[in-house]
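Trainee: One structure follows; several queries about it will come next.
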Amino acid sequence: MKWSRALFFCAIALPCVADEGLWLFNQFPGNVVQDKYKFEVTNAFLEKLRLASVQLPGGGGAFVSPHGLLVTNQHLLGACAPTEAFYAAAETGEQACRGLEARVLVALEDVTAQVKPPAAEPAKNAKASAVQTAEALQKRNAAIERVEKACAQKTGNICTVVRLSSGERYDLYQYKKYTDLRLVFAPEKAVAVFGGNPEKLTYPRYDLDIAFLRAYENGKPAETPNYLKWSADGVKENDLVFAEGSPAATERLAIPAQLTFYRDVQLPVTISHIQARIEDLRKFAMKSPENAKLAQAAFIDLGIQYKLTAGKLIGLHDDTLFARKQNFEKKLKQAVQHDPKLGVDGTKVWDDLATAYKNWTPFERPYEVLETQAGMGSVLFHIARQIVRGGNTDVAAPIDDAVETVLLARYLEELKALGDKEAPLKQILGGKTPQQAAEDLVHGTKLKDPAARKSAADDPMVRLAHALEDPARKLQKKHLELIEALEVSAAERIAQYRFRLFGAADYPDGTGTPRVTFGEAKGYKDRAQAPLPYATTFGGLYHLAIWDIDPYKVPQRWRDAKGQMNLITPMNFASTCDITAGASGPVVDKKGELVGLTFDRNNESIAITYLYSDESARAVHVAVQGVAESLQKLYKTGPLLKELGVPEAAKGQTE
């Protein structure tokens, strides 16, 4: 049955040989890898990768020695991340990373039969159906609680039931947790994030985004017999690699009608709002160096939002990607229609969603202005809305009056453009221009003082948030009725269809739980058709650092050691592994040895939230050759290199 389903899935999911899939460890398509790469992925291979990999908040890493040593990304260290380089040559000097935890997926099993209630007889009417659904949900939740509790009591592990394919399958995940993590090594922040925000989500990259931690148990280094051997050779072009990570939620079940709405309506509206703010801040920054400094934080935040949104939009304008999605959906609908258990009525979900998005389209712009993107960039308006809605008013973002005025004036312009039917403009503007009203609001509010937020009912910024609350809530209710409820139910039905049709030949959407992907180290052509190499080198980094200007500055030790470095050593590399947000983690070769650590993806990969493509979408990894070269030549970390099993001279350099 597995083979027939896999063949059926391949027949409608073109092309079947692409390196697609956020695969469960207990549902890996070994036959696909065998067919394309002539390599057998054994259960032992997967188990070794799973037991050596660790999850940390926001990403992952892997054990690289039997004594609790693990490698991860520096950007995951939080408050434990140093600005300057840190190295503890002995265990006594290792620095505690308080609040940081790591966990390993030590076991997983299918518990669907224990959790999912048996199918009930069809209800006689809508009321009976609602009661039946509520009872089924209650039974399912109770069953999940029993399974998790019994597992925790028996094993002492963290036990979590993971819902897959919209409830068609439930897996029990057991994690071993390490709460005592100590910093062993981290490079300077300047080289961990070399290039700064301008290089975010782009490639080529030149980042040494790594750090070494040690896990302790009972005050001693943890015994970790399941670890990844450090590769002496590293990765070469076209090598088959496997990446472990915990991808965040994806939207690969989105149908063409949804993607058309995102492409033609939602994303363009969002981009127009971001662009307007960036342009306003640019004009503000050009007035003085002080203004430029004040606007920097807002520029960075808006820049990241713009690149993420634009990346999705560009991907959805890819005719090939869209045609593939339409072709798949057409064949999926045909398969559902001809399935005797689903029938013609099963395809109604696609028509219902298409109609819903068509009806919602006129409301999207006011919905974004009043609800989802309300006051975009303004910290003060965010605090005011949180006060009105009873949310958390603690913010870490800097608050500057001049920058707030720029951003709030833009928001008031957007409200004015909506008109009186959507927002109470007379109450908000009071005859003033948006610029004048913004200045008065910013200068009149006391919300910059955390203590004043507890009794701010009459604050002018809070009054603004209150004035917008009713129209925002009305649109929120309309969106829930027209889109949200249907979107959830449609996604569930489509996921269930796919599960029934394909079974283990298909993979579930991302859930933030450990997955394994595969691909090859490979370059690509960018949108201008310029060829980009599979790997970058230290020579490229030093070329960018020649002017010694932020964000392309390197620490003094790097400048001093340039003559000692092998400049053709790979530093970062790209692969076709199916990587989405949150999926940083170890990368291994066919021998199961560590060849890299995922830390990012390129701009072209953002759209694979909706549909995977290996033409130009790439995961970006730190290469072990570059790490070894740095540890040897720059940081002189002899004991660490010895523990990693790295020989005296780094191998695997490009010719």
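Simple scheme: letters A, B, ... for chains in structure tokens order, numbers from 1 for residues in each chain, numbers from 1 for ligands in the order shown.
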Please provide as a PyMOL selection string all residues within 7 Å of A:His621, with the sequence filter that same-chain residues fewer than 5 positions apart are discarded (counting only C-alpha atoms).
Mentor: chain A and resi 572-574+596-600
Trainee: Residues near A:Lys642, anyone? I mean within 12 Å using only C-alpha atoms, not counting same-chain ones fewer than 5 positions away, as a short mmCIF file (atom, residue, chain, number, x, y, z; two decimals) with N, CA and C atoms, in the first residue's frame.
Mentor:
data_model
loop_
_atom_site.label_atom_id
_atom_site.label_comp_id
_atom_site.auth_asym_id
_atom_site.auth_seq_id
_atom_site.Cartn_x
_atom_site.Cartn_y
_atom_site.Cartn_z
N VAL A 64 28.43 17.37 19.55
CA VAL A 64 29.59 17.07 18.71
C VAL A 64 30.72 16.40 19.49
N SER A 65 30.42 15.94 20.69
CA SER A 65 31.38 15.14 21.45
C SER A 65 30.59 14.34 22.47
N ALA A 89 38.98 27.70 27.81
CA ALA A 89 39.87 26.59 27.47
C ALA A 89 39.68 25.40 28.42
N TRP A 230 32.73 15.37 13.66
CA TRP A 230 33.09 16.55 12.87
C TRP A 230 33.77 16.09 11.59
N ALA A 628 36.60 25.39 11.45
CA ALA A 628 37.90 24.84 11.86
C ALA A 628 39.03 25.81 11.56
N LEU A 631 38.91 28.59 14.18
CA LEU A 631 39.33 28.14 15.51
C LEU A 631 40.85 27.95 15.57
N GLN A 632 41.44 27.49 14.48
CA GLN A 632 42.89 27.25 14.45
C GLN A 632 43.69 28.53 14.31
N LYS A 636 42.89 30.19 18.26
CA LYS A 636 43.86 29.32 18.94
C LYS A 636 43.21 28.45 20.01
N THR A 637 42.15 27.77 19.64
CA THR A 637 41.37 26.99 20.62
C THR A 637 41.79 25.52 20.58
N PRO A 647 41.99 17.72 12.97
CA PRO A 647 43.45 17.59 12.87
C PRO A 647 44.14 18.94 12.89
N GLU A 648 45.45 18.91 12.93
CA GLU A 648 46.24 20.13 13.07
C GLU A 648 45.96 21.13 11.97
N ALA A 649 45.82 20.67 10.74
CA ALA A 649 45.55 21.56 9.61
C ALA A 649 44.17 21.25 9.06
#
Trainee: What lies within 12 Å of A:Leu321 using only C-alpha atoms, ignoring chain neighbours under 4 positions off, as a list in words?
Mentor: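 What passes the distance filter is Leu14, Pro15, Pro256, Leu259, Lys312, Leu313, Ile314, Gly315, Leu316, His317, Lys325, Gln326, Asn327, Phe328, Glu604, Ala607, Ile608, Thr609, Tyr610, Leu611, Tyr612, Ser613, Asp614, Glu615, Ser616 and Ala617 of chain A.
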Trainee: For the atom pair atom CA of A:Thr361 and atom CA of A:Gln266, what is the interatomic distance in Å to one decimal place?
Mentor: 8.5 Å
Trainee: So that I can see what lies close to A:Lys358, please list as an MDAnalysis selection string the residues with an atom at most 10 Å from it, counting only C-alpha atoms and leaving out residues fewer than 3 positions away in the same chain.
Mentor: chainID A and resid 257:258 261 353:355 361:362
Trainee: Selection from above, C-alpha atoms, as a PDB file, in the first residue's frame, can you write it?
Mentor:
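Saved result, result04.pdb, follows:
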ATOM      1  CA  ALA A 257      -7.526  31.095  -4.805  1.00  0.00           C
ATOM      2  CA  GLN A 258      -5.809  31.925  -1.500  1.00  0.00           C
ATOM      3  CA  PHE A 261      -5.589  36.804  -2.940  1.00  0.00           C
ATOM      4  CA  LEU A 353     -12.796  29.286  -0.246  1.00  0.00           C
ATOM      5  CA  ALA A 354     -12.569  30.999  -3.630  1.00  0.00           C
ATOM      6  CA  THR A 355     -15.954  32.674  -3.070  1.00  0.00           C
ATOM      7  CA  THR A 361     -11.313  41.543  -1.020  1.00  0.00           C
ATOM      8  CA  PRO A 362     -12.938  45.032  -0.610  1.00  0.00           C
TER       9      PRO A 362
END
Trainee: From a DSSP calculation on the backbone, collect every residue of stretch 328-489 of chain A in helix (DSSP H, G or I) and output the set as an MDAnalysis selection string.
Mentor: chainID A and resid 328:338 344:372 379:389 401:418 425:429 434:444 450:455 460:489
Trainee: Using only C-alpha atoms, please write the residues we just selected to a file, as a compact mmCIF listing (two decimals), in the first residue's frame.
Mentor:
# COMPACT_ATOMS: atom_id res chain seq x y z
CA PHE A 328 -1.33 19.88 -8.41
CA GLU A 329 -4.65 21.21 -7.10
CA LYS A 330 -6.44 20.22 -10.30
CA LYS A 331 -5.22 16.65 -10.04
CA LEU A 332 -5.87 16.55 -6.29
CA LYS A 333 -9.48 17.64 -6.86
CA GLN A 334 -9.88 14.98 -9.53
CA ALA A 335 -8.49 12.36 -7.17
CA VAL A 336 -10.91 13.46 -4.43
CA GLN A 337 -13.82 13.47 -6.86
CA HIS A 338 -13.12 9.91 -8.00
CA VAL A 344 -17.98 15.17 -5.82
CA ASP A 345 -19.11 16.91 -2.61
CA GLY A 346 -15.55 16.68 -1.36
CA THR A 347 -14.37 19.25 -3.90
CA LYS A 348 -16.83 21.89 -2.69
CA VAL A 349 -14.24 23.18 -0.21
CA TRP A 350 -12.21 24.76 -3.04
CA ASP A 351 -15.21 26.66 -4.42
CA ASP A 352 -16.25 27.86 -0.95
CA LEU A 353 -12.80 29.29 -0.25
CA ALA A 354 -12.57 31.00 -3.63
CA THR A 355 -15.95 32.67 -3.07
CA ALA A 356 -15.00 33.75 0.46
CA TYR A 357 -11.81 35.50 -0.68
CA LYS A 358 -13.62 37.21 -3.53
CA ASN A 359 -16.22 38.56 -1.09
CA TRP A 360 -13.57 39.66 1.41
CA THR A 361 -11.31 41.54 -1.02
CA PRO A 362 -12.94 45.03 -0.61
CA PHE A 363 -12.40 44.85 3.15
CA GLU A 364 -8.69 43.94 3.15
CA ARG A 365 -7.23 47.45 3.09
CA PRO A 366 -9.35 48.83 5.97
CA TYR A 367 -8.78 45.56 7.86
CA GLU A 368 -5.01 46.00 7.65
CA VAL A 369 -5.14 49.69 8.58
CA LEU A 370 -7.51 49.23 11.50
CA GLU A 371 -6.53 45.78 12.74
CA THR A 372 -3.61 43.68 11.52
CA VAL A 379 5.63 51.81 19.73
CA LEU A 380 3.35 54.27 21.52
CA PHE A 381 0.26 53.23 19.57
CA HIS A 382 1.13 49.57 20.19
CA ILE A 383 1.23 50.25 23.95
CA ALA A 384 -2.07 52.17 23.77
CA ARG A 385 -3.83 49.33 21.96
CA GLN A 386 -2.46 46.83 24.48
CA ILE A 387 -3.90 48.98 27.27
CA VAL A 388 -7.30 49.05 25.57
CA ARG A 389 -7.27 45.31 24.94
CA ASP A 401 9.47 61.40 19.98
CA ALA A 402 10.67 62.47 16.54
CA VAL A 403 10.60 58.97 15.06
CA GLU A 404 7.23 58.26 16.68
CA THR A 405 5.83 61.44 15.12
CA VAL A 406 6.99 60.37 11.64
CA LEU A 407 5.42 56.92 11.95
CA LEU A 408 2.21 58.07 13.62
CA ALA A 409 1.70 60.82 11.03
CA ARG A 410 1.90 58.17 8.31
CA TYR A 411 -0.70 56.08 10.15
CA LEU A 412 -3.07 59.02 10.47
CA GLU A 413 -2.66 59.66 6.72
CA GLU A 414 -3.77 56.07 6.11
CA LEU A 415 -6.80 56.53 8.37
CA LYS A 416 -7.66 59.74 6.53
CA ALA A 417 -7.46 57.90 3.20
CA LEU A 418 -10.01 55.35 4.44
CA LEU A 425 -11.84 61.08 11.56
CA LYS A 426 -13.43 64.18 13.12
CA GLN A 427 -12.85 62.75 16.58
CA ILE A 428 -9.30 61.67 15.72
CA LEU A 429 -8.00 64.67 13.76
CA PRO A 434 -2.21 64.22 10.25
CA GLN A 435 1.22 65.76 10.92
CA GLN A 436 -0.17 68.26 13.45
CA ALA A 437 -2.30 65.61 15.16
CA ALA A 438 0.66 63.24 15.38
CA GLU A 439 2.86 65.90 16.99
CA ASP A 440 0.18 66.69 19.58
CA LEU A 441 -0.40 63.01 20.37
CA VAL A 442 3.30 62.21 20.81
CA HIS A 443 4.01 65.26 22.91
CA GLY A 444 0.85 64.84 24.96
CA PRO A 450 6.00 52.49 32.22
CA ALA A 451 4.60 53.63 35.56
CA ALA A 452 2.10 55.95 33.84
CA ARG A 453 0.60 53.13 31.78
CA LYS A 454 -1.28 51.71 34.77
CA SER A 455 -3.54 54.78 34.99
CA PRO A 460 -4.50 61.03 24.29
CA MET A 461 -2.82 57.99 22.69
CA VAL A 462 -5.16 55.66 24.56
CA ARG A 463 -8.12 57.80 23.44
CA LEU A 464 -6.97 57.30 19.85
CA ALA A 465 -6.83 53.52 20.36
CA HIS A 466 -10.31 53.59 21.93
CA ALA A 467 -11.70 55.60 19.00
CA LEU A 468 -10.51 52.93 16.58
CA GLU A 469 -11.62 49.96 18.65
CA ASP A 470 -15.23 49.64 17.46
CA PRO A 471 -14.48 49.84 13.71
CA ALA A 472 -11.54 47.47 14.18
CA ARG A 473 -13.66 44.95 16.08
CA LYS A 474 -16.38 45.05 13.41
CA LEU A 475 -13.87 44.19 10.71
CA GLN A 476 -12.31 41.55 12.94
CA LYS A 477 -15.73 39.93 13.34
CA LYS A 478 -16.40 40.08 9.59
CA HIS A 479 -13.01 38.51 8.85
CA LEU A 480 -13.71 35.72 11.31
CA GLU A 481 -17.08 35.00 9.73
CA LEU A 482 -16.02 35.24 6.08
CA ILE A 483 -12.46 33.92 6.15
CA GLU A 484 -10.94 32.56 9.34
CA ALA A 485 -13.45 29.88 10.29
CA LEU A 486 -13.73 28.66 6.70
CA GLU A 487 -9.94 28.81 6.20
CA VAL A 488 -9.33 26.57 9.19
CA SER A 489 -12.01 24.05 8.27
Trainee: Quote the spacing between atom CA of A:Phe212 and atom CA of A:Gly195 in Å to one decimal place.
Mentor: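 Going from atom CA of A:Phe212 over to atom CA of A:Gly195, I get 22.0 Å.
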Trainee: Kindly indicate which residue among A:Gly245, A:Lys38, A:Cys80, A:Gln74 lies nearest to A:Leu105, using only C-alpha atoms for the distances.
Mentor: A:Gly245
Trainee: Could you tell me how far atom CA of A:Lys236 sits from atom CA of A:Glu520, in Å to one decimal place?
Mentor: 9.3 Å
Trainee: Between A:Gly582, A:Gly592, A:Gly431, A:Pro82, which one has atoms that come closest to A:Ser246, using only C-alpha atoms?
Mentor: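 Of A:Gly582, A:Gly592, A:Gly431, A:Pro82, the one nearest A:Ser246 is A:Gly582, counting only C-alpha atoms.
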Trainee: Step one, run DSSP on the backbone; step two, keep only residues of stretch 535-590 of chain A assigned to strand (DSSP E); then write them as a list in words.
Mentor: Ala535, Thr536, Thr537, Pro570, Met571, Asn572, Phe573, Ala574, Ser575, Pro586, Val587 and Val588 of chain A
Trainee: Using C-alpha atoms, can you write the selected residues to a file as a short mmCIF file (atom, residue, chain, number, x, y, z; two decimals), in the first residue's frame?
Mentor:
data_model
loop_
_atom_site.label_atom_id
_atom_site.label_comp_id
_atom_site.auth_asym_id
_atom_site.auth_seq_id
_atom_site.Cartn_x
_atom_site.Cartn_y
_atom_site.Cartn_z
CA ALA A 535 30.10 28.17 -1.28
CA THR A 536 31.62 31.46 -0.16
CA THR A 537 35.16 31.86 1.13
CA PRO A 570 34.68 27.57 2.39
CA MET A 571 32.94 29.74 4.97
CA ASN A 572 29.23 29.41 4.14
CA PHE A 573 27.48 27.17 1.63
CA ALA A 574 24.04 26.86 0.07
CA SER A 575 21.92 23.75 -0.42
CA PRO A 586 22.90 20.44 11.92
CA VAL A 587 23.73 19.38 8.36
CA VAL A 588 25.36 15.99 7.74
#
Trainee: Just checking: using only C-alpha atoms, which residue out of A:Asn125, A:Thr511, A:Gln496, A:Gln625 ends up closest to A:Arg169?
Mentor: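 Looking only at the distances to A:Arg169, the closest residue turns out to be A:Gln496.
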Trainee: Given the choices A:Lys293, A:Arg205, A:Arg527, A:Lys591, which gets closest to A:Ala44 if the distance is worked out from only C-alpha atoms?
Mentor: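 Using only C-alpha atoms, the shortest distance to A:Ala44 belongs to A:Lys591.
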